[in-house]
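Report on the following structure.
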Amino acid sequence: MSRPPFLTLTRRGFGLMALGLAMASSAAFAQGAPKAGGTLIYLEQQPHTNLYPPAGGFYPNGGILNQITDKLTYQNPRTLEIEPWIAASWEVNADSTQYTFHLRPGVTFSDGTPLDAAAVALNYDTFGLGVKERNFPVSEVFNNYARSEVIDPQTVRFHFKAPSPGFLQGTSVIGSGLVAPATLQRGFAELGDATRIIGSGPFVVASETIGTELDLKARPDYSWGPARHPHQGRALLDGIRYVIVPEDGVRIGALVSGQGDVVRQIQAYDEEQVTSQGFAIHAPSTRGVNNSIVFRPDNPLVAYVRVRQALLHGTDTDAIVKTLYSRNYPKATSIIASTATGYVDLSAKLGFDPAKAASLLDEAGWTLGASGLREKDGQPLAFTAYESLPQPQNRAMLQLVAQQWATLGVKLTVLGGDAGSAVADNLDPAKTAVSPAMVGRADPDVIKSQYYPKNRNVLLQTGGVSDKVRSFHDDKLNGLLEAIAAETDRAKRLALVAEVQTYVVDEAYAIPIFEEPQVYGAAPYVKDLGFEAVGRPSFYGAWLDK
């Protein structure tokens with residue numbers, strides 16, 4: 001497939017001519033009845049990595065999986081209610097240890113195999129238990145999973161070792177997308193190739209140039225979208241073409257000149273440029289753990305809570321948000337977003353107070369040396385952090401934090417996220433005591449996903465899935481996280497969510513910076529563009545008014 005011409009554009013290539021083109025286009029298109037046909041050009045900042053569904057948390061992965069796989073249930077992005085999809089109905093026992101789903105008849109994967117109870121059971125046993133010989137990890141949304149049971153061809157039951165109240169919502173997420181048995185017979189490493197993902201979704205993979213382009217085509221016989229979705233039947237689009245365009249200015253240039261239809265990752269400083277030319281900005285919330293800086297207390301420099309508290313109060317999040325971001329990025333007032341279930345406002349505990357920060361460092365024994373850095377026993381208070389490439393303006397954010405910490409006598413060196421040692425160093429608290437982190441999910445279990453040792457383990461506690469010889473663990477935190485995942489009483493569960501937020505802030509394990517959205521730009525002729533509950537695009541009901 002030839003490279004599209006817009007990949008050679010620069011910021012200078014789309015001035016007044018593109019403005020006139022965009023204005024004329026905007027005037028020419030008027031909303032009417034949905035029209036079928038056309039291929040939507042979707043410009044993505046990064047290539048996908050692996051399309052094993054539980055790896056869908058990475059937004060480029062999820063943006064593909066959301067088009068080619070279906071889920072048992074659908075989480076309404078407006079109400080957050082769980083609605084029927086592949087499962088027409090379900091029952092949950094009193095203590096949330098048993099879930100029974102009744103499937104819609106006639107659903108098939110794109111290779112023709114039935115999406116029946118046996119296929120669902122295989123998917124969920126794989127996601128819930130992992131498959132060591134194929135290197136399939138356990139999904140972070142499956143807590144206390146024991147086994148599946150096929151009752152009949154259209155009925156499947158799941159059993160849990162302990163209550164799992166978040167499981168129903170977990171059946172609606174990207175990481176629970178259903179794939180054909182043939183896909184699950186492959187190894188994890190093979191599933192970076194999108195052509196090997198066989199789903200039941202409204203689109204199927206037509207072709208791929210790995211790392212560059214991906215073409216999806218509408219499945220003509222698709223007739224099992226979410227039961228209450230405003231669109232039903234075959235997707236209106238004929239296809240979707242994904243093109244990887246890393247440079248922000250080139251993506252925007254392609255959008256405003258009519259060579260692209262939807263763009264992911266519009267930076268805050270480019271939003272006005274997009275809207276001023278008649279294009280739309282969509283910024284759905286990720287509704288989960290906020291974009292934060294987390295500490296690894298196994299590193300002696302941040303093992304003492306006073307040091308972590310000093311750095312928290314020495315971080316001016318107001319200045320960061322005002323300098324780098326737009327109103328689509330609200331300042332964080334807790335470790336989870338204000339749109340997240342169970343949020344509590346902890347602004348009073350997160351205030352910028354450089355005098356308090358300096359006093360806490362003095363109390364911890366870190367004094368200013370001749371070099372201008374804080375020192376203790378001859379060692380400087382100096383850290384290294386790698387930027388997180390998927391997070392918006394993360395390098396600039398970390399560099400601004402570094403400037404703020406420098407006024408306290410603390411050094412933060414920011415390294416590129418594409419460095420060869422980044423992955424290994426980020427798993428070593430001796431090398432990387434400070435790290436950016438966030439995760440989206442519209443359920444309280446998202447906090448466990450972020451902090452629990454056997455999930456993402458951002459604090460690098462001992463007992464983690466990628467463990468080294470470490471000594472740090474927090475039994476109180478882990479007990480609270482386990483309790484959130486097992487508490488069936490809603491009020492008690494939300495009380496636990498509030499307690500965890502307060503505890504993480506009091507221990508200064510994290511410095512919440514802002515509530516992260518996913519920000520897209522779209523041409524005015526793109527109609528009914530949808531997003532799932534944590535901001536990944538849905539093109540099922542979208543259409544082009546051309």
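Residues in the structure tokens are numbered from 1 in each chain, the chains being A, B, ... in the order shown, and ligands are numbered from 1 in the order shown.
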| said: as a ChimeraX atom specification, please: the residues near segment 479-494 of chain A (cut-off 10 Å, only C-alpha atoms, same-chain neighbours under 3 positions excluded). | reply: /A:94-97,141-144,162-167,341-344,444-452,474-476,497-500,503
| query | Got a sec: who's within 9 Å of segment 109-119 of chain A, counting only C-alpha atoms, leaving out chain neighbours fewer than 4 positions off, as a list in words? | reply |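 What passes the distance filter is Thr69, Ile86, Phe101, His102, Leu103, Arg104, Pro105, Asn123, Tyr124, Glu149, Val150, Ile151, Asp152, Pro153, Gln154, Thr155, Val156, Arg157, Leu178, Val179, Ala180, Pro181, Ile198, Gly199, Ser200, Gly201, Val204 and Arg219 of chain A.
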If you run DSSP over the backbone, which residues in segment 126-360 of chain A end up strand (DSSP E)? Put them as a tab-separated table (two decimals) with N, CA and C atoms, in the first residue's frame.
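out20.tsv was written with the following content:
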chain	number	residue	atom	x	y	z
A	145	TYR	N	-11.27	-14.98	40.06
A	145	TYR	CA	-11.86	-15.88	39.07
A	145	TYR	C	-11.45	-17.33	39.35
A	146	ALA	N	-12.43	-18.26	39.24
A	146	ALA	CA	-12.16	-19.68	39.47
A	146	ALA	C	-12.29	-20.50	38.18
A	147	ARG	N	-13.50	-20.44	37.56
A	147	ARG	CA	-13.70	-21.29	36.39
A	147	ARG	C	-14.99	-20.91	35.67
A	148	SER	N	-15.13	-21.45	34.46
A	148	SER	CA	-16.37	-21.30	33.70
A	148	SER	C	-17.15	-22.61	33.74
A	149	GLU	N	-18.41	-22.52	33.39
A	149	GLU	CA	-19.27	-23.70	33.28
A	149	GLU	C	-20.23	-23.48	32.13
A	150	VAL	N	-20.20	-24.36	31.14
A	150	VAL	CA	-21.12	-24.28	30.02
A	150	VAL	C	-22.40	-25.02	30.41
A	151	ILE	N	-23.50	-24.30	30.54
A	151	ILE	CA	-24.78	-24.88	30.94
A	151	ILE	C	-25.48	-25.49	29.73
A	152	ASP	N	-25.51	-24.74	28.64
A	152	ASP	CA	-26.04	-25.22	27.36
A	152	ASP	C	-25.41	-24.33	26.29
A	155	THR	N	-25.85	-20.66	27.20
A	155	THR	CA	-25.79	-20.24	28.59
A	155	THR	C	-24.44	-20.61	29.19
A	156	VAL	N	-23.79	-19.63	29.79
A	156	VAL	CA	-22.48	-19.85	30.42
A	156	VAL	C	-22.51	-19.25	31.81
A	157	ARG	N	-21.86	-19.95	32.74
A	157	ARG	CA	-21.82	-19.48	34.13
A	157	ARG	C	-20.35	-19.38	34.55
A	158	PHE	N	-20.06	-18.33	35.32
A	158	PHE	CA	-18.71	-18.12	35.83
A	158	PHE	C	-18.73	-18.20	37.35
A	159	HIS	N	-17.73	-18.91	37.89
A	159	HIS	CA	-17.61	-19.11	39.33
A	159	HIS	C	-16.37	-18.38	39.84
A	160	PHE	N	-16.49	-17.84	41.05
A	160	PHE	CA	-15.41	-17.07	41.66
A	160	PHE	C	-15.08	-17.62	43.04
A	203	PHE	N	-16.54	-4.63	12.30
A	203	PHE	CA	-15.49	-4.50	11.29
A	203	PHE	C	-14.54	-5.69	11.40
A	204	VAL	N	-13.90	-6.02	10.28
A	204	VAL	CA	-12.89	-7.07	10.26
A	204	VAL	C	-11.62	-6.51	9.64
A	205	VAL	N	-10.49	-7.12	9.98
A	205	VAL	CA	-9.21	-6.66	9.45
A	205	VAL	C	-9.08	-7.12	8.00
A	206	ALA	N	-8.84	-6.17	7.11
A	206	ALA	CA	-8.67	-6.49	5.69
A	206	ALA	C	-7.20	-6.65	5.33
A	207	SER	N	-6.35	-5.74	5.82
A	207	SER	CA	-4.92	-5.80	5.53
A	207	SER	C	-4.17	-4.95	6.52
A	208	GLU	N	-2.87	-5.18	6.61
A	208	GLU	CA	-2.04	-4.43	7.55
A	208	GLU	C	-0.63	-4.33	7.04
A	209	THR	N	-0.06	-3.15	7.17
A	209	THR	CA	1.38	-2.95	7.07
A	209	THR	C	1.83	-2.63	8.48
A	213	GLU	N	0.15	1.10	8.69
A	213	GLU	CA	-1.22	1.24	8.25
A	213	GLU	C	-2.03	0.00	8.57
A	214	LEU	N	-3.33	0.18	8.71
A	214	LEU	CA	-4.24	-0.93	8.97
A	214	LEU	C	-5.57	-0.60	8.30
A	215	ASP	N	-6.13	-1.54	7.56
A	215	ASP	CA	-7.42	-1.34	6.91
A	215	ASP	C	-8.44	-2.30	7.48
A	216	LEU	N	-9.57	-1.74	7.91
A	216	LEU	CA	-10.72	-2.53	8.34
A	216	LEU	C	-11.83	-2.37	7.32
A	217	LYS	N	-12.61	-3.42	7.16
A	217	LYS	CA	-13.79	-3.34	6.30
A	217	LYS	C	-15.01	-3.75	7.09
A	218	ALA	N	-16.17	-3.18	6.74
A	218	ALA	CA	-17.40	-3.51	7.44
A	218	ALA	C	-17.79	-4.95	7.18
A	239	GLY	N	-15.55	1.14	5.60
A	239	GLY	CA	-14.26	0.74	6.16
A	239	GLY	C	-13.62	1.85	6.96
A	240	ILE	N	-12.53	1.49	7.62
A	240	ILE	CA	-11.72	2.44	8.39
A	240	ILE	C	-10.27	2.20	8.01
A	241	ARG	N	-9.59	3.26	7.71
A	241	ARG	CA	-8.16	3.15	7.40
A	241	ARG	C	-7.38	3.84	8.50
A	242	TYR	N	-6.58	3.08	9.22
A	242	TYR	CA	-5.72	3.62	10.27
A	242	TYR	C	-4.35	3.93	9.67
A	243	VAL	N	-3.88	5.13	9.93
A	243	VAL	CA	-2.54	5.52	9.47
A	243	VAL	C	-1.78	6.07	10.66
A	244	ILE	N	-0.57	5.58	10.87
A	244	ILE	CA	0.26	6.02	11.99
A	244	ILE	C	1.02	7.26	11.57
A	262	VAL	N	-10.51	11.75	11.24
A	262	VAL	CA	-10.47	11.77	12.70
A	262	VAL	C	-9.01	11.59	13.13
A	263	VAL	N	-8.61	12.37	14.12
A	263	VAL	CA	-7.23	12.34	14.62
A	263	VAL	C	-7.27	12.10	16.12
A	264	ARG	N	-6.49	11.15	16.60
A	264	ARG	CA	-6.36	10.99	18.06
A	264	ARG	C	-5.13	11.75	18.54
A	280	ALA	N	-14.10	19.81	14.94
A	280	ALA	CA	-14.59	19.50	16.29
A	280	ALA	C	-13.49	18.90	17.15
A	281	ILE	N	-13.53	19.23	18.44
A	281	ILE	CA	-12.69	18.58	19.44
A	281	ILE	C	-13.60	17.72	20.31
A	282	HIS	N	-13.23	16.46	20.47
A	282	HIS	CA	-13.92	15.55	21.38
A	282	HIS	C	-12.92	15.16	22.46
A	289	VAL	N	-7.88	6.28	37.27
A	289	VAL	CA	-6.81	6.83	38.09
A	289	VAL	C	-6.15	7.97	37.32
A	290	ASN	N	-6.02	9.11	37.98
A	290	ASN	CA	-5.55	10.31	37.31
A	290	ASN	C	-4.10	10.21	36.85
A	291	ASN	N	-3.77	11.06	35.89
A	291	ASN	CA	-2.38	11.20	35.47
A	291	ASN	C	-1.59	11.70	36.67
A	292	SER	N	-0.61	10.92	37.09
A	292	SER	CA	0.07	11.17	38.36
A	292	SER	C	1.56	10.89	38.23
A	293	ILE	N	2.29	11.32	39.23
A	293	ILE	CA	3.66	10.87	39.45
A	293	ILE	C	3.61	9.93	40.64
A	294	VAL	N	4.15	8.72	40.48
A	294	VAL	CA	4.15	7.76	41.58
A	294	VAL	C	5.58	7.52	42.04
A	295	PHE	N	5.69	7.17	43.31
A	295	PHE	CA	6.99	6.88	43.92
A	295	PHE	C	7.15	5.39	44.15
| said: Rounded to one decimal, what separation in Å do you get between atom CA of Trp543 of chain A and atom CA of Ala36 of chain A? | reply: 6.7 Å
| Closest to Val138 of chain A among A:Ala55, A:Ala382, A:Ala508, A:Leu415, using only C-alpha atoms? |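 For Val138 of chain A, the nearest of the given residues is A:Ala55.
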| said: Taking only C-alpha atoms into account, name the residue in A:Asp261, A:Asp70, A:Asp528, A:Asp248 that is nearest to Pro202 of chain A. | reply: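 Using only C-alpha atoms, Pro202 of chain A sits closest to A:Asp70.
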| said: My list of candidates is A:Ala310, A:Pro380, A:Arg374, A:Pro297. Which is closest to Val434 of chain A when distances are computed with only C-alpha atoms? | reply: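 Comparing A:Ala310, A:Pro380, A:Arg374, A:Pro297 against Val434 of chain A, the winner is A:Pro297.
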Give me the residues near Pro300 of chain A as a short mmCIF file (atom, residue, chain, number, x, y, z; two decimals) with C-alpha atoms, in the first residue's frame, where near means some atom within 10 Å (using only C-alpha atoms) and where sequence neighbours in that chain fewer than 4 positions away do not count.
data_model
loop_
_atom_site.label_atom_id
_atom_site.label_comp_id
_atom_site.auth_asym_id
_atom_site.auth_seq_id
_atom_site.Cartn_x
_atom_site.Cartn_y
_atom_site.Cartn_z
CA ARG A 296 8.75 3.53 44.43
CA TYR A 304 10.62 8.01 54.13
CA PRO A 429 13.24 1.07 41.91
CA ALA A 430 16.99 1.49 42.44
CA ALA A 433 12.23 5.95 42.00
#
| query | Looking at A:Ser347, A:Asn426, A:Thr407, A:Thr100, which one is nearest to Thr384 of chain A, with distances taken over only C-alpha atoms? | reply |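 Comparing A:Ser347, A:Asn426, A:Thr407, A:Thr100 against Thr384 of chain A, the winner is A:Asn426.
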| field | One-decimal distance in Å that lies between atom CA of Phe383 of chain A and atom CA of Ala355 of chain A | value |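 About the pair atom CA of Ala355 of chain A and atom CA of Phe383 of chain A: they are 21.1 Å apart.
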| request: Please measure the separation of atom CA of Thr286 of chain A and atom CA of Pro517 of chain A, giving the value in Å to one decimal. | output: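 Atom-to-atom, atom CA of Thr286 of chain A and atom CA of Pro517 of chain A are spaced 5.4 Å apart.
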| field | Using only C-alpha atoms: which of A:Val505, A:Ala406, A:Ile513, A:Val131 has the shortest distance to Met438 of chain A | value |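 Between A:Val505, A:Ala406, A:Ile513, A:Val131, the residue approaching Met438 of chain A most closely is A:Ile513.
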Using only C-alpha atoms, which residues of segment 69-108 of chain A come within 7 Å of segment 222-233 of chain A, and what is the closest atom pair for each, with the distance in Å to one decimal? Give it as CSV, sorted by chain and residue number.
residue,atom,partner,partner_atom,distance
A:Tyr74,CA,A:Pro226,CA,6.2
A:Pro84,CA,A:Ala227,CA,5.7
A:Trp85,CA,A:Pro226,CA,4.3
Selected residues written out with C-alpha atoms, as a compact mmCIF listing (two decimals), in the first residue's frame:
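Once everything was written out, this is selection-v5.txt:
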# COMPACT_ATOMS: atom_id res chain seq x y z
CA TYR A 74 -22.15 -2.75 26.99
CA PRO A 84 -27.20 -6.17 27.04
CA TRP A 85 -24.96 -6.93 24.09
| Pick from A:Gln169, A:Ser338, A:Asn394, A:Gln67, whichever lies nearest to Gly541 of chain A using only C-alpha atoms | A:Gln67
| message | List the spatial neighbours of Ala283 of chain A as a list in words - criterion: any atom at most 9 Å away, only C-alpha atoms, same-chain residues fewer than 2 positions off excluded. | response |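 That gives Ile281, Ser285, Asn328, Tyr329, Pro517, Gln518, Val519, Tyr520, Gly521 and Gly535 of chain A.
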Would you mind exporting the chosen residues as a PDB file, in the first residue's frame, restricted to N, CA and C atoms?
ATOM      1  N   ILE A 281     -13.530  19.231  18.438  1.00  0.00           N
ATOM      2  CA  ILE A 281     -12.688  18.582  19.437  1.00  0.00           C
ATOM      3  C   ILE A 281     -13.597  17.722  20.313  1.00  0.00           C
ATOM      4  N   SER A 285     -13.665  11.682  28.959  1.00  0.00           N
ATOM      5  CA  SER A 285     -12.881  11.373  30.150  1.00  0.00           C
ATOM      6  C   SER A 285     -12.509   9.899  30.185  1.00  0.00           C
ATOM      7  N   ASN A 328      -9.938  20.905  28.970  1.00  0.00           N
ATOM      8  CA  ASN A 328     -10.266  19.488  28.832  1.00  0.00           C
ATOM      9  C   ASN A 328      -9.466  18.610  29.785  1.00  0.00           C
ATOM     10  N   TYR A 329      -8.533  19.220  30.508  1.00  0.00           N
ATOM     11  CA  TYR A 329      -7.668  18.494  31.441  1.00  0.00           C
ATOM     12  C   TYR A 329      -7.851  19.080  32.846  1.00  0.00           C
ATOM     13  N   PRO A 517      -8.066  13.060  29.711  1.00  0.00           N
ATOM     14  CA  PRO A 517      -9.049  12.704  28.678  1.00  0.00           C
ATOM     15  C   PRO A 517      -8.328  12.018  27.520  1.00  0.00           C
ATOM     16  N   GLN A 518      -9.085  11.574  26.562  1.00  0.00           N
ATOM     17  CA  GLN A 518      -8.546  11.281  25.239  1.00  0.00           C
ATOM     18  C   GLN A 518      -9.093  12.363  24.327  1.00  0.00           C
ATOM     19  N   VAL A 519      -8.200  13.073  23.638  1.00  0.00           N
ATOM     20  CA  VAL A 519      -8.632  14.234  22.848  1.00  0.00           C
ATOM     21  C   VAL A 519      -8.484  13.928  21.361  1.00  0.00           C
ATOM     22  N   TYR A 520      -9.590  14.077  20.659  1.00  0.00           N
ATOM     23  CA  TYR A 520      -9.657  13.785  19.225  1.00  0.00           C
ATOM     24  C   TYR A 520     -10.068  15.042  18.467  1.00  0.00           C
ATOM     25  N   GLY A 521      -9.611  15.145  17.248  1.00  0.00           N
ATOM     26  CA  GLY A 521     -10.113  16.142  16.315  1.00  0.00           C
ATOM     27  C   GLY A 521     -10.885  15.426  15.214  1.00  0.00           C
ATOM     28  N   GLY A 535     -13.232   6.496  26.775  1.00  0.00           N
ATOM     29  CA  GLY A 535     -12.663   7.368  25.762  1.00  0.00           C
ATOM     30  C   GLY A 535     -12.118   6.742  24.502  1.00  0.00           C
TER      31      GLY A 535
END
| said: as a PyMOL selection string, please: every residue in segment 80-276 of chain A that DSSP puts in alpha helix (DSSP H). | reply: chain A and resi 117-129+167-170+181-184+248-256+271-275
| message | What's around Lys35 of chain A at 9 Å? Count only C-alpha atoms, leave out sequence neighbours fewer than 2 positions away in its own chain, and write the answer as a VMD selection string. | response | chain A and resid 32 to 33 37 236 to 237 543 to 546
